[in-house]
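Text of coords.tsv (TSV, C-alpha atoms (C1' of nucleotides) and all ligand atoms) as supplied:
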chain	number	residue	atom	x	y	z
A	1	MET	CA	10.44	25.90	-20.99
A	2	PRO	CA	7.03	26.86	-22.32
A	3	GLY	CA	6.06	25.49	-25.70
A	4	GLY	CA	9.09	23.21	-25.97
A	5	PHE	CA	10.14	19.93	-24.46
A	6	GLY	CA	12.84	19.42	-21.87
A	7	LYS	CA	15.92	17.40	-22.68
A	8	GLY	CA	14.52	14.67	-20.45
A	9	SER	CA	11.69	13.94	-22.78
A	10	VAL	CA	13.87	14.28	-25.85
A	11	TRP	CA	16.19	11.72	-24.36
A	12	CYS	CA	13.24	9.48	-23.51
A	13	HIS	CA	11.98	9.89	-27.05
A	14	GLY	CA	15.01	8.05	-28.31
A	15	ARG	CA	14.69	5.59	-25.49
A	16	PHE	CA	11.10	4.79	-26.40
A	17	ARG	CA	11.87	4.33	-30.05
A	18	GLY	CA	14.73	2.04	-29.16
A	19	TYR	CA	12.25	-0.25	-27.43
A	20	GLY	CA	9.75	-0.04	-30.27
A	21	TYR	CA	7.39	2.28	-28.44
A	22	ARG	CA	6.00	5.48	-29.88
A	23	MET	CA	6.35	9.00	-28.55
A	24	THR	CA	3.01	10.72	-28.26
A	25	VAL	CA	1.87	14.10	-27.03
A	26	SER	CA	0.43	12.58	-23.87
A	27	ARG	CA	3.66	10.79	-23.07
A	28	GLN	CA	5.64	13.94	-23.75
A	29	ALA	CA	3.36	15.94	-21.48
A	30	ILE	CA	3.72	13.38	-18.68
A	31	LEU	CA	7.49	13.35	-19.05
A	32	ASP	CA	7.59	17.14	-19.03
A	33	VAL	CA	5.57	17.25	-15.84
A	34	LEU	CA	7.87	14.75	-14.18
A	35	ASN	CA	10.91	16.54	-15.53
A	36	THR	CA	9.98	19.95	-14.18
A	37	THR	CA	9.09	19.07	-10.61
A	38	VAL	CA	11.09	18.16	-7.58
A	39	LYS	CA	8.08	16.69	-5.80
A	40	HIS	CA	6.85	13.14	-5.58
A	41	LEU	CA	3.61	13.29	-7.52
A	42	SER	CA	0.68	10.90	-7.44
A	43	ALA	CA	-1.00	9.76	-10.65
A	44	GLU	CA	-3.77	12.24	-10.00
A	45	ASP	CA	-1.30	15.09	-9.40
A	46	ILE	CA	0.32	14.25	-12.70
A	47	TYR	CA	-3.04	14.04	-14.42
A	48	HIS	CA	-3.93	17.54	-13.25
A	49	GLU	CA	-0.61	18.99	-14.38
A	50	VAL	CA	-0.81	17.21	-17.71
A	51	HIS	CA	-4.30	18.55	-18.13
A	52	LYS	CA	-2.93	22.11	-18.14
A	53	ILE	CA	-0.58	21.28	-21.02
A	54	HIS	CA	-2.78	18.87	-22.94
A	55	PRO	CA	-6.37	18.88	-21.68
A	56	SER	CA	-7.55	15.91	-23.69
A	57	SER	CA	-5.22	13.40	-22.03
A	58	GLY	CA	-7.06	10.94	-19.85
A	59	MET	CA	-6.37	9.30	-16.53
A	60	SER	CA	-5.96	5.89	-18.15
A	61	THR	CA	-3.12	7.18	-20.26
A	62	VAL	CA	-1.41	8.62	-17.22
A	63	TYR	CA	-1.55	5.27	-15.44
A	64	ARG	CA	-0.52	3.35	-18.53
A	65	THR	CA	2.39	5.65	-19.23
A	66	LEU	CA	3.59	5.56	-15.63
A	67	GLU	CA	3.44	1.80	-15.73
A	68	LEU	CA	5.48	1.76	-18.93
A	69	LEU	CA	8.02	4.25	-17.59
A	70	SER	CA	8.39	2.16	-14.44
A	71	ARG	CA	9.00	-0.94	-16.50
A	72	LEU	CA	11.66	0.87	-18.50
A	73	LYS	CA	13.20	2.07	-15.21
A	74	LEU	CA	12.77	5.67	-16.37
A	75	VAL	CA	10.68	6.49	-13.31
A	76	PHE	CA	10.59	5.11	-9.79
A	77	LYS	CA	7.30	4.20	-8.17
A	78	PHE	CA	7.03	4.63	-4.42
A	79	ASP	CA	4.54	3.81	-1.71
A	80	PHE	CA	4.66	6.22	1.19
A	81	GLY	CA	1.83	4.53	3.02
A	82	ASP	CA	-1.02	6.91	2.25
A	83	GLY	CA	-2.85	4.62	-0.15
A	84	ARG	CA	-1.64	6.08	-3.42
A	85	ALA	CA	1.52	5.53	-5.43
A	86	ARG	CA	4.01	8.33	-6.01
A	87	TYR	CA	6.27	8.72	-9.00
A	88	GLU	CA	9.67	10.29	-9.54
A	89	LEU	CA	11.77	10.61	-12.67
A	90	ASN	CA	14.95	8.56	-12.55
A	91	LYS	CA	17.41	11.43	-12.80
A	92	ARG	CA	20.89	10.16	-13.39
A	93	LEU	CA	23.97	12.09	-12.33
A	94	GLU	CA	26.87	11.40	-14.67
A	95	ASN	CA	25.55	8.14	-15.94
A	96	LYS	CA	25.07	6.53	-12.53
A	97	GLU	CA	21.85	6.20	-10.58
A	98	TYR	CA	20.98	8.84	-8.07
A	99	HIS	CA	20.50	6.42	-5.18
A	100	HIS	CA	18.51	8.10	-2.45
A	101	HIS	CA	15.90	7.41	0.20
A	102	HIS	CA	13.05	9.30	1.80
A	103	LEU	CA	11.92	10.89	5.01
A	104	VAL	CA	8.12	10.89	5.07
A	105	CYS	CA	6.08	13.12	7.37
A	106	ILE	CA	3.20	11.11	8.78
A	107	ASN	CA	1.24	14.29	9.39
A	108	CYS	CA	1.50	16.41	6.21
A	109	GLN	CA	2.90	13.76	3.83
A	110	ARG	CA	5.90	15.95	2.98
A	111	VAL	CA	8.73	13.90	1.52
A	112	ILE	CA	12.40	14.75	1.83
A	113	ASP	CA	15.02	13.14	-0.38
A	114	TYR	CA	18.31	12.36	1.28
A	115	THR	CA	21.58	10.78	0.28
A	116	ASP	CA	23.37	11.14	3.60
A	117	PHE	CA	24.97	7.97	4.95
A	118	ILE	CA	24.26	6.29	1.65
A	119	GLU	CA	27.82	4.99	1.49
A	120	ASP	CA	27.56	3.34	4.91
A	121	GLU	CA	24.12	2.11	4.03
A	122	VAL	CA	25.23	0.63	0.74
A	123	GLU	CA	28.04	-1.12	2.55
A	124	LEU	CA	25.75	-2.56	5.21
A	125	LEU	CA	23.14	-3.57	2.67
A	126	LYS	CA	25.75	-5.24	0.52
A	127	LYS	CA	26.94	-7.24	3.50
A	128	THR	CA	23.38	-8.03	4.56
A	129	GLU	CA	22.37	-9.03	1.07
A	130	LYS	CA	25.33	-11.33	0.74
A	131	GLY	CA	24.68	-12.95	4.12
A	132	LEU	CA	20.96	-13.36	3.57
A	133	SER	CA	21.39	-14.62	0.02
A	134	LYS	CA	23.61	-17.39	1.31
A	135	LYS	CA	21.70	-18.25	4.49
A	136	TYR	CA	18.24	-18.30	2.98
A	137	ASN	CA	19.26	-19.02	-0.58
A	138	PHE	CA	17.32	-15.93	-1.55
A	139	LYS	CA	18.29	-13.78	-4.52
A	140	ILE	CA	17.84	-10.16	-3.46
A	141	MET	CA	16.96	-7.81	-6.30
A	142	ARG	CA	16.04	-4.57	-4.61
A	143	HIS	CA	15.38	-2.99	-1.24
A	144	ILE	CA	13.24	-0.35	0.38
A	145	LEU	CA	14.39	1.86	3.24
A	146	GLN	CA	12.14	4.62	4.49
A	147	PHE	CA	11.94	6.71	7.60
A	148	TYR	CA	8.63	7.99	8.92
A	149	GLY	CA	8.17	10.78	11.42
A	150	LEU	CA	7.34	14.44	11.81
A	151	CYS	CA	8.81	17.24	9.72
A	152	ASN	CA	9.95	20.44	11.42
A	153	ARG	CA	6.72	22.28	10.68
A	154	CYS	CA	4.47	19.51	12.02
A	155	GLU	CA	6.69	18.92	15.04
A	156	GLU	CA	6.37	22.63	15.93
A	157	LYS	CA	2.61	22.63	15.48
A	158	GLY	CA	2.30	19.58	17.73
A	159	LYS	CA	3.90	21.44	20.66
A	160	GLU	CA	1.24	24.15	20.82
B	1	MET	CA	-5.12	-25.70	22.42
B	2	PRO	CA	-8.62	-26.68	21.34
B	3	GLY	CA	-11.47	-25.16	23.24
B	4	GLY	CA	-9.27	-22.82	25.25
B	5	PHE	CA	-7.43	-19.62	24.58
B	6	GLY	CA	-3.68	-19.18	24.25
B	7	LYS	CA	-1.80	-17.12	26.80
B	8	GLY	CA	-1.41	-14.48	24.15
B	9	SER	CA	-5.08	-13.69	24.14
B	10	VAL	CA	-5.38	-13.96	27.91
B	11	TRP	CA	-2.60	-11.43	28.21
B	12	CYS	CA	-4.31	-9.21	25.66
B	13	HIS	CA	-7.56	-9.58	27.58
B	14	GLY	CA	-6.03	-7.69	30.48
B	15	ARG	CA	-4.45	-5.27	28.05
B	16	PHE	CA	-7.81	-4.48	26.48
B	17	ARG	CA	-9.54	-3.99	29.77
B	18	GLY	CA	-6.80	-1.70	30.91
B	19	TYR	CA	-7.60	0.57	27.97
B	20	GLY	CA	-11.35	0.38	28.58
B	21	TYR	CA	-11.97	-1.98	25.68
B	22	ARG	CA	-13.99	-5.20	25.93
B	23	MET	CA	-12.81	-8.70	25.18
B	24	THR	CA	-15.22	-10.42	22.84
B	25	VAL	CA	-15.36	-13.81	21.18
B	26	SER	CA	-14.48	-12.29	17.82
B	27	ARG	CA	-11.45	-10.53	19.23
B	28	GLN	CA	-10.38	-13.69	21.02
B	29	ALA	CA	-10.73	-15.69	17.83
B	30	ILE	CA	-8.67	-13.17	15.88
B	31	LEU	CA	-5.97	-13.16	18.54
B	32	ASP	CA	-5.92	-16.95	18.58
B	33	VAL	CA	-5.48	-17.07	14.84
B	34	LEU	CA	-2.62	-14.58	14.98
B	35	ASN	CA	-1.15	-16.40	17.95
B	36	THR	CA	-1.05	-19.81	16.31
B	37	THR	CA	0.50	-18.94	12.98
B	38	VAL	CA	3.98	-18.10	11.87
B	39	LYS	CA	2.78	-16.62	8.60
B	40	HIS	CA	2.01	-13.05	7.62
B	41	LEU	CA	-1.74	-13.15	7.11
B	42	SER	CA	-3.93	-10.72	5.21
B	43	ALA	CA	-7.24	-9.55	6.63
B	44	GLU	CA	-9.01	-12.02	4.39
B	45	ASP	CA	-6.74	-14.89	5.47
B	46	ILE	CA	-7.55	-14.04	9.07
B	47	TYR	CA	-11.24	-13.81	8.29
B	48	HIS	CA	-11.23	-17.31	6.83
B	49	GLU	CA	-9.37	-18.77	9.80
B	50	VAL	CA	-11.60	-16.97	12.27
B	51	HIS	CA	-14.60	-18.29	10.42
B	52	LYS	CA	-13.56	-21.86	11.30
B	53	ILE	CA	-13.54	-21.00	15.00
B	54	HIS	CA	-16.44	-18.57	15.11
B	55	PRO	CA	-18.44	-18.57	11.88
B	56	SER	CA	-20.61	-15.58	12.67
B	57	SER	CA	-17.74	-13.09	12.85
B	58	GLY	CA	-17.75	-10.66	9.98
B	59	MET	CA	-15.10	-9.05	7.84
B	60	SER	CA	-15.76	-5.62	9.35
B	61	THR	CA	-14.88	-6.90	12.77
B	62	VAL	CA	-11.67	-8.38	11.48
B	63	TYR	CA	-10.62	-5.04	9.99
B	64	ARG	CA	-11.75	-3.10	13.04
B	65	THR	CA	-9.95	-5.41	15.43
B	66	LEU	CA	-6.75	-5.35	13.41
B	67	GLU	CA	-6.91	-1.59	13.38
B	68	LEU	CA	-7.32	-1.56	17.14
B	69	LEU	CA	-4.54	-4.06	17.71
B	70	SER	CA	-2.24	-2.00	15.49
B	71	ARG	CA	-3.04	1.11	17.47
B	72	LEU	CA	-2.26	-0.71	20.71
B	73	LYS	CA	1.00	-1.96	19.12
B	74	LEU	CA	-0.11	-5.53	19.75
B	75	VAL	CA	0.18	-6.37	16.06
B	76	PHE	CA	2.36	-5.02	13.27
B	77	LYS	CA	0.84	-4.09	9.94
B	78	PHE	CA	2.98	-4.54	6.84
B	79	ASP	CA	2.75	-3.72	3.18
B	80	PHE	CA	4.65	-6.16	0.99
B	81	GLY	CA	3.62	-4.47	-2.21
B	82	ASP	CA	0.89	-6.80	-3.40
B	83	GLY	CA	-2.00	-4.47	-2.70
B	84	ARG	CA	-3.15	-5.90	0.60
B	85	ALA	CA	-1.95	-5.39	4.15
B	86	ARG	CA	-0.41	-8.21	6.18
B	87	TYR	CA	-0.54	-8.60	9.94
B	88	GLU	CA	1.74	-10.21	12.48
B	89	LEU	CA	1.39	-10.51	16.25
B	90	ASN	CA	3.95	-8.51	18.17
B	91	LYS	CA	5.61	-11.43	19.92
B	92	ARG	CA	7.96	-10.24	22.60
B	93	LEU	CA	10.94	-12.31	23.66
B	94	GLU	CA	11.74	-11.67	27.32
B	95	ASN	CA	10.08	-8.33	27.51
B	96	LYS	CA	11.90	-6.79	24.56
B	97	GLU	CA	10.63	-6.38	21.04
B	98	TYR	CA	11.46	-9.00	18.49
B	99	HIS	CA	12.94	-6.57	15.97
B	100	HIS	CA	13.10	-8.22	12.59
B	101	HIS	CA	12.75	-7.50	8.90
B	102	HIS	CA	11.51	-9.35	5.84
B	103	LEU	CA	12.63	-10.94	2.63
B	104	VAL	CA	9.74	-10.90	0.18
B	105	CYS	CA	9.59	-13.11	-2.90
B	106	ILE	CA	8.28	-11.06	-5.81
B	107	ASN	CA	7.11	-14.22	-7.53
B	108	CYS	CA	5.27	-16.32	-4.92
B	109	GLN	CA	4.87	-13.67	-2.17
B	110	ARG	CA	6.63	-15.90	0.37
B	111	VAL	CA	7.92	-13.89	3.30
B	112	ILE	CA	10.95	-14.79	5.36
B	113	ASP	CA	11.61	-13.20	8.75
B	114	TYR	CA	15.21	-12.52	9.54
B	115	THR	CA	17.16	-11.01	12.38
B	116	ASP	CA	20.64	-11.43	10.94
B	117	PHE	CA	22.77	-8.30	10.91
B	118	ILE	CA	20.15	-6.57	13.03
B	119	GLU	CA	22.84	-5.31	15.40
B	120	ASP	CA	24.81	-3.67	12.61
B	121	GLU	CA	21.60	-2.43	11.12
B	122	VAL	CA	20.35	-0.93	14.34
B	123	GLU	CA	23.70	0.79	14.76
B	124	LEU	CA	23.63	2.25	11.25
B	125	LEU	CA	20.02	3.28	11.54
B	126	LYS	CA	20.64	4.93	14.88
B	127	LYS	CA	23.51	6.90	13.36
B	128	THR	CA	21.45	7.74	10.26
B	129	GLU	CA	18.46	8.77	12.30
B	130	LYS	CA	20.57	11.03	14.48
B	131	GLY	CA	22.24	12.63	11.47
B	132	LEU	CA	19.03	13.10	9.53
B	133	SER	CA	17.12	14.40	12.54
B	134	LYS	CA	19.68	17.12	12.99
B	135	LYS	CA	20.24	18.00	9.35
B	136	TYR	CA	16.61	18.11	8.30
B	137	ASN	CA	15.13	18.87	11.72
B	138	PHE	CA	12.96	15.81	11.23
B	139	LYS	CA	11.77	13.68	14.13
B	140	ILE	CA	12.06	10.06	13.03
B	141	MET	CA	9.55	7.74	14.66
B	142	ARG	CA	9.88	4.50	12.74
B	143	HIS	CA	11.49	2.94	9.70
B	144	ILE	CA	10.84	0.30	7.10
B	145	LEU	CA	13.51	-1.92	5.59
B	146	GLN	CA	12.56	-4.66	3.19
B	147	PHE	CA	14.34	-6.79	0.65
B	148	TYR	CA	12.60	-8.00	-2.47
B	149	GLY	CA	13.80	-10.81	-4.69
B	150	LEU	CA	13.36	-14.47	-5.56
B	151	CYS	CA	13.13	-17.27	-3.02
B	152	ASN	CA	15.02	-20.51	-3.64
B	153	ARG	CA	12.02	-22.28	-5.13
B	154	CYS	CA	11.19	-19.47	-7.56
B	155	GLU	CA	14.82	-18.95	-8.49
B	156	GLU	CA	15.08	-22.64	-9.41
B	157	LYS	CA	11.90	-22.59	-11.43
B	158	GLY	CA	13.13	-19.53	-13.35
B	159	LYS	CA	16.19	-21.44	-14.61
B	160	GLU	CA	14.20	-24.11	-16.45
C	1	DT	C1'	1.15	9.37	-48.51
C	2	DT	C1'	-0.50	5.30	-46.42
C	3	DG	C1'	-1.64	1.32	-43.62
C	4	DA	C1'	-0.70	-1.73	-39.76
C	5	DG	C1'	-1.09	-1.65	-35.34
C	6	DA	C1'	0.42	1.00	-31.19
C	7	DG	C1'	-1.87	4.23	-28.35
C	8	DT	C1'	-5.96	6.75	-26.58
C	9	DG	C1'	-10.01	8.29	-23.66
C	10	DG	C1'	-13.88	7.63	-21.05
C	11	DG	C1'	-16.59	4.78	-18.68
C	12	DA	C1'	-17.26	0.45	-16.43
C	13	DA	C1'	-15.15	-3.04	-13.45
C	14	DT	C1'	-12.25	-4.51	-9.65
C	15	DC	C1'	-11.05	-4.96	-5.13
C	16	DA	C1'	-9.18	-3.77	-0.57
C	17	DT	C1'	-10.65	-1.04	2.92
C	18	DT	C1'	-14.17	2.24	5.46
C	19	DA	C1'	-18.44	4.06	6.85
C	20	DT	C1'	-23.18	3.44	8.38
C	21	DC	C1'	-26.55	1.87	11.50
C	22	DA	C1'	-29.89	-0.96	13.83
C	23	DA	C1'	-29.27	-4.94	16.69
C	24	DT	C1'	-26.43	-7.37	20.15
C	25	DA	C1'	-23.78	-8.54	24.11
C	26	DA	C1'	-19.84	-7.30	27.61
C	27	DG	C1'	-19.33	-6.30	32.14
C	28	DG	C1'	-19.86	-3.10	36.19
C	29	DA	C1'	-23.45	-1.71	39.61
C	30	DG	C1'	-26.82	-3.14	42.59
D	1	DC	C1'	-28.15	-13.14	39.24
D	2	DT	C1'	-30.39	-9.20	36.85
D	3	DC	C1'	-30.31	-4.77	34.84
D	4	DC	C1'	-28.56	-1.09	32.26
D	5	DT	C1'	-25.27	1.52	29.74
D	6	DT	C1'	-22.80	1.60	25.81
D	7	DA	C1'	-18.98	-0.69	23.38
D	8	DT	C1'	-19.14	-3.83	19.75
D	9	DT	C1'	-20.99	-6.29	15.95
D	10	DG	C1'	-22.51	-7.95	11.10
D	11	DA	C1'	-24.65	-6.88	6.83
D	12	DT	C1'	-24.42	-3.91	3.47
D	13	DA	C1'	-23.40	0.26	1.05
D	14	DA	C1'	-19.86	3.50	-0.05
D	15	DT	C1'	-15.23	4.82	-1.21
D	16	DG	C1'	-11.24	5.44	-3.87
D	17	DA	C1'	-7.17	4.04	-6.31
D	18	DT	C1'	-6.09	1.34	-10.07
D	19	DT	C1'	-7.14	-1.71	-14.06
D	20	DC	C1'	-9.90	-3.28	-17.91
D	21	DC	C1'	-12.37	-2.73	-22.22
D	22	DC	C1'	-13.08	-1.32	-26.84
D	23	DA	C1'	-14.12	1.56	-30.69
D	24	DC	C1'	-11.70	5.33	-32.42
D	25	DT	C1'	-7.16	7.94	-33.37
D	26	DC	C1'	-2.53	8.84	-34.27
D	27	DT	C1'	2.45	7.48	-35.16
D	28	DC	C1'	5.89	6.48	-38.19
D	29	DA	C1'	8.45	3.09	-41.35
D	30	DA	C1'	8.07	2.03	-45.86
A	201	MN	MN	12.79	10.95	-4.12
A	202	MN	MN	7.57	-10.95	10.25
A	203	ZN	ZN	4.84	17.50	8.15
A	204	ZN	ZN	9.04	-17.47	-4.31

Turn the structure described in the file into structure tokens.
Ligand SMILES: [Mn+2]
Ligand SMILES: [Mn+2]
Ligand SMILES: [Zn+2]
Ligand SMILES: [Zn+2]
Amino acid sequence: MPGGFGKGSVWCHGRFRGYGYRMTVSRQAILDVLNTTVKHLSAEDIYHEVHKIHPSSGMSTVYRTLELLSRLKLVFKFDFGDGRARYELNKRLENKEYHHHHLVCINCQRVIDYTDFIEDEVELLKKTEKGLSKKYNFKIMRHILQFYGLCNRCEEKGKE
Amino acid sequence: MPGGFGKGSVWCHGRFRGYGYRMTVSRQAILDVLNTTVKHLSAEDIYHEVHKIHPSSGMSTVYRTLELLSRLKLVFKFDFGDGRARYELNKRLENKEYHHHHLVCINCQRVIDYTDFIEDEVELLKKTEKGLSKKYNFKIMRHILQFYGLCNRCEEKGKE
DNA sequence: TTGAGAGTGGGAATCATTATCAATAAGGAG
DNA sequence: CTCCTTATTGATAATGATTCCCACTCTCAA
């Protein structure tokens, strides 16, 4: 959608205003970048993409905006263990969260989203959370589950 | 065990030699520190403790040794999301790994080890790993599961 | 249209971790 | 025990992601 703004950012526009924040060209550019990718971008990745749309935006603004979006739960922030954070727009399917986890390739850093076994997982986690909350008197607020390994391409290369 | 070395480090001594590495006073001190704590120490924590035993050891050696121990699978390295790595000796109970996960307090950083529901978890993870390996042709090598929330003390304080 | 103040950019600061390198010390051979 | 090779060390500099700072700019309700 060249020249325009995706519905994501339009929606966020209202969201920002509702919280008393302002919508700016930098924020729109960042949202557009996040909205038109399926990858898990780092702050620097986003900065480079934003730079194509709006060259005068700075790195500080990218970090600040990502921090704000995380706080508003509009983006998720992930750590895949390579020393830099990754960000992903919180895309909702029919009003409910798109709960998914990640397979991370320890060789090429490729990240695969998956939702398989999420039902079983949610069930186990619910049970675990309940048990742990009671036993340790600990109020669980969120969890992380990640698998690390080798993607098909890297696995093949390793065999040579 | 003042003046001596715990069996952990003696055992590791042989382990090192077997790999062609040398056992040094710094490495012994680091192992002793890890061996006599139940906490999840950062590199700096370890450095300070080591300094009490062997004041001339430097930070570089702490990092290098932890890196080596991680590679040899003698210690586990964790990221609890506060910007610094934590380390824990791989204590084995009767020859098998002590598989456990963590509850992390997002307020005071306290970490609780738990093994509850590990059987169910291992079962689910095994199933998930098998399914994901096949579907995405991805070779899973390890996983991370962590719960974040508020410990009893912080939960209480929050209510005031 | 305007003004209060939210937001910005660029450069400096922070801070955990790594890299460098001359000096040291582990440990096998003799 | 002594010697010699070289793995290891400690001090310090370098790195790199993220945060801080502050004078200037832009948003938007009135
Ligand atoms: Mn994802
Ligand atoms: Mn632990
Ligand atoms: Zn790969
Ligand atoms: Zn706490």

Self-check item: Test item: residues lying within 12 Å of ligand ZN 203 (chain A) with only C-alpha atoms (C1' of nucleotides) and all ligand atoms, as a list in words
Solution: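 These are the residues that qualify: Leu103, Val104, Cys105, Ile106, Asn107, Cys108, Gln109, Arg110, Val111, Ile112, Tyr148, Gly149, Leu150, Cys151, Asn152, Arg153, Cys154, Glu155, Glu156, Lys157 and Gly158 of chain A; Tyr136, Asn137, Phe138, Lys139 and Ile140 of chain B.
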
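Those protein and nucleic acid residues that have any atom within 8 Å of ligand MN 201 (chain A) are, using all atoms listed in the file, Lys39, His40, Glu88, His100, His101, His102, Val111, Ile112, Asp113 and Tyr114 of chain A.
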
Deliver the residues from the most recent selection as a file, using C-alpha atoms, as a short mmCIF file (atom, residue, chain, number, x, y, z; two decimals), keeping the file's coordinate frame.
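Dumped to selection_34.cif:
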data_model
loop_
_atom_site.label_atom_id
_atom_site.label_comp_id
_atom_site.auth_asym_id
_atom_site.auth_seq_id
_atom_site.Cartn_x
_atom_site.Cartn_y
_atom_site.Cartn_z
CA LYS A 39 8.08 16.69 -5.80
CA HIS A 40 6.85 13.14 -5.58
CA GLU A 88 9.67 10.29 -9.54
CA HIS A 100 18.51 8.10 -2.45
CA HIS A 101 15.90 7.41 0.20
CA HIS A 102 13.05 9.30 1.80
CA VAL A 111 8.73 13.90 1.52
CA ILE A 112 12.40 14.75 1.83
CA ASP A 113 15.02 13.14 -0.38
CA TYR A 114 18.31 12.36 1.28
#

Practice problem: Output the contact residues of chain C with respect to chain B at a cut-off of 10 Å, based on only C-alpha atoms (C1' of nucleotides), as a count of residues only. | Solution: 7

Exercise. Using all atoms listed in the file, find the residues of chain D whose closest atom to chain B is at most 8 Å away, then write them as a list in words.
Key: DA7, DT9 and DG10 of chain D

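Distance annotation: of A:Tyr47, A:Tyr98, A:Phe16, A:Phe147, the residue with the minimal separation from chain B is A:Phe147; atom set is only C-alpha atoms.
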
Practice problem: Determine, counting all atoms listed in the file, every residue of protein, DNA or RNA that lies within 12 Å of (0.2, -3.2, -34.6) in the file coordinates, then give the result as a ChimeraX atom specification. | Solution: /A:20-22 /C:3-7 /D:27-28

Self-check item: Gap from atom CA of A:His48 to atom C1' of D:DC20 - Å, one decimal
Solution: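 Between these atoms lies a distance of 22.2 Å.
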
Quiz item: What separation in Å, quoted to one decimal, exists between atom CA of B:Asp120 and atom CA of A:Leu124?
Solution: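 Straight-line distance from atom CA of B:Asp120 to atom CA of A:Leu124 works out to 7.5 Å.
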
Self-check item: Length of the atom CA of B:Ile46 to atom CA of B:Asp116 vector [Å]
Solution: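 Spanning atom CA of B:Ile46 to atom CA of B:Asp116 is a straight-line distance of 28.4 Å.
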
Practice problem: Please work out which residues fall within 12 Å of (-3.4, 21.9, -23.9), coordinates as given in the file, with all atoms listed in the file counting, and return them as a list in words. | Solution: Pro2, Gly3, Val25, Ser26, Ala29, His48, Glu49, Val50, His51, Lys52, Ile53, His54, Pro55, Ser56 and Ser57 of chain A

Quiz item: Of the residues B:Thr128, B:Asn90, B:Ser42, B:Gln28, which is the one nearest to chain A, using all atoms listed in the file?
Solution: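 The closest residue to chain A is B:Thr128.
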
Axis-aligned box over every listed atom of stretch 19-28 of chain D, padded by 5 Å per side: centre and edges in Å to one decimal, as JSON?
{"center_x": -4.1, "center_y": 2.8, "center_z": -26.1, "size_x": 30.0, "size_y": 22.1, "size_z": 34.1}

Self-check item: Given only C-alpha atoms as the counted atoms, nearest of A:Asp82, A:Thr36, A:Val62, A:His99 to chain B
Solution: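 Going through A:Asp82, A:Thr36, A:Val62, A:His99 one by one, the smallest distance to chain B is for A:Asp82.
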
Quiz item: Near stretch 68-77 of chain B, within 6 Å and counting all atoms listed in the file, which residues show up once chain neighbours fewer than 2 positions away are dropped, as an MDAnalysis selection string?
Solution: chainID B and resid 65:66 86:90

Quiz item: Of the candidates A:Arg27, A:Phe117, A:Asp32, A:Glu123, which shows the shortest atom-to-atom distance to chain B, using all atoms listed in the file?
Solution: A:Phe117
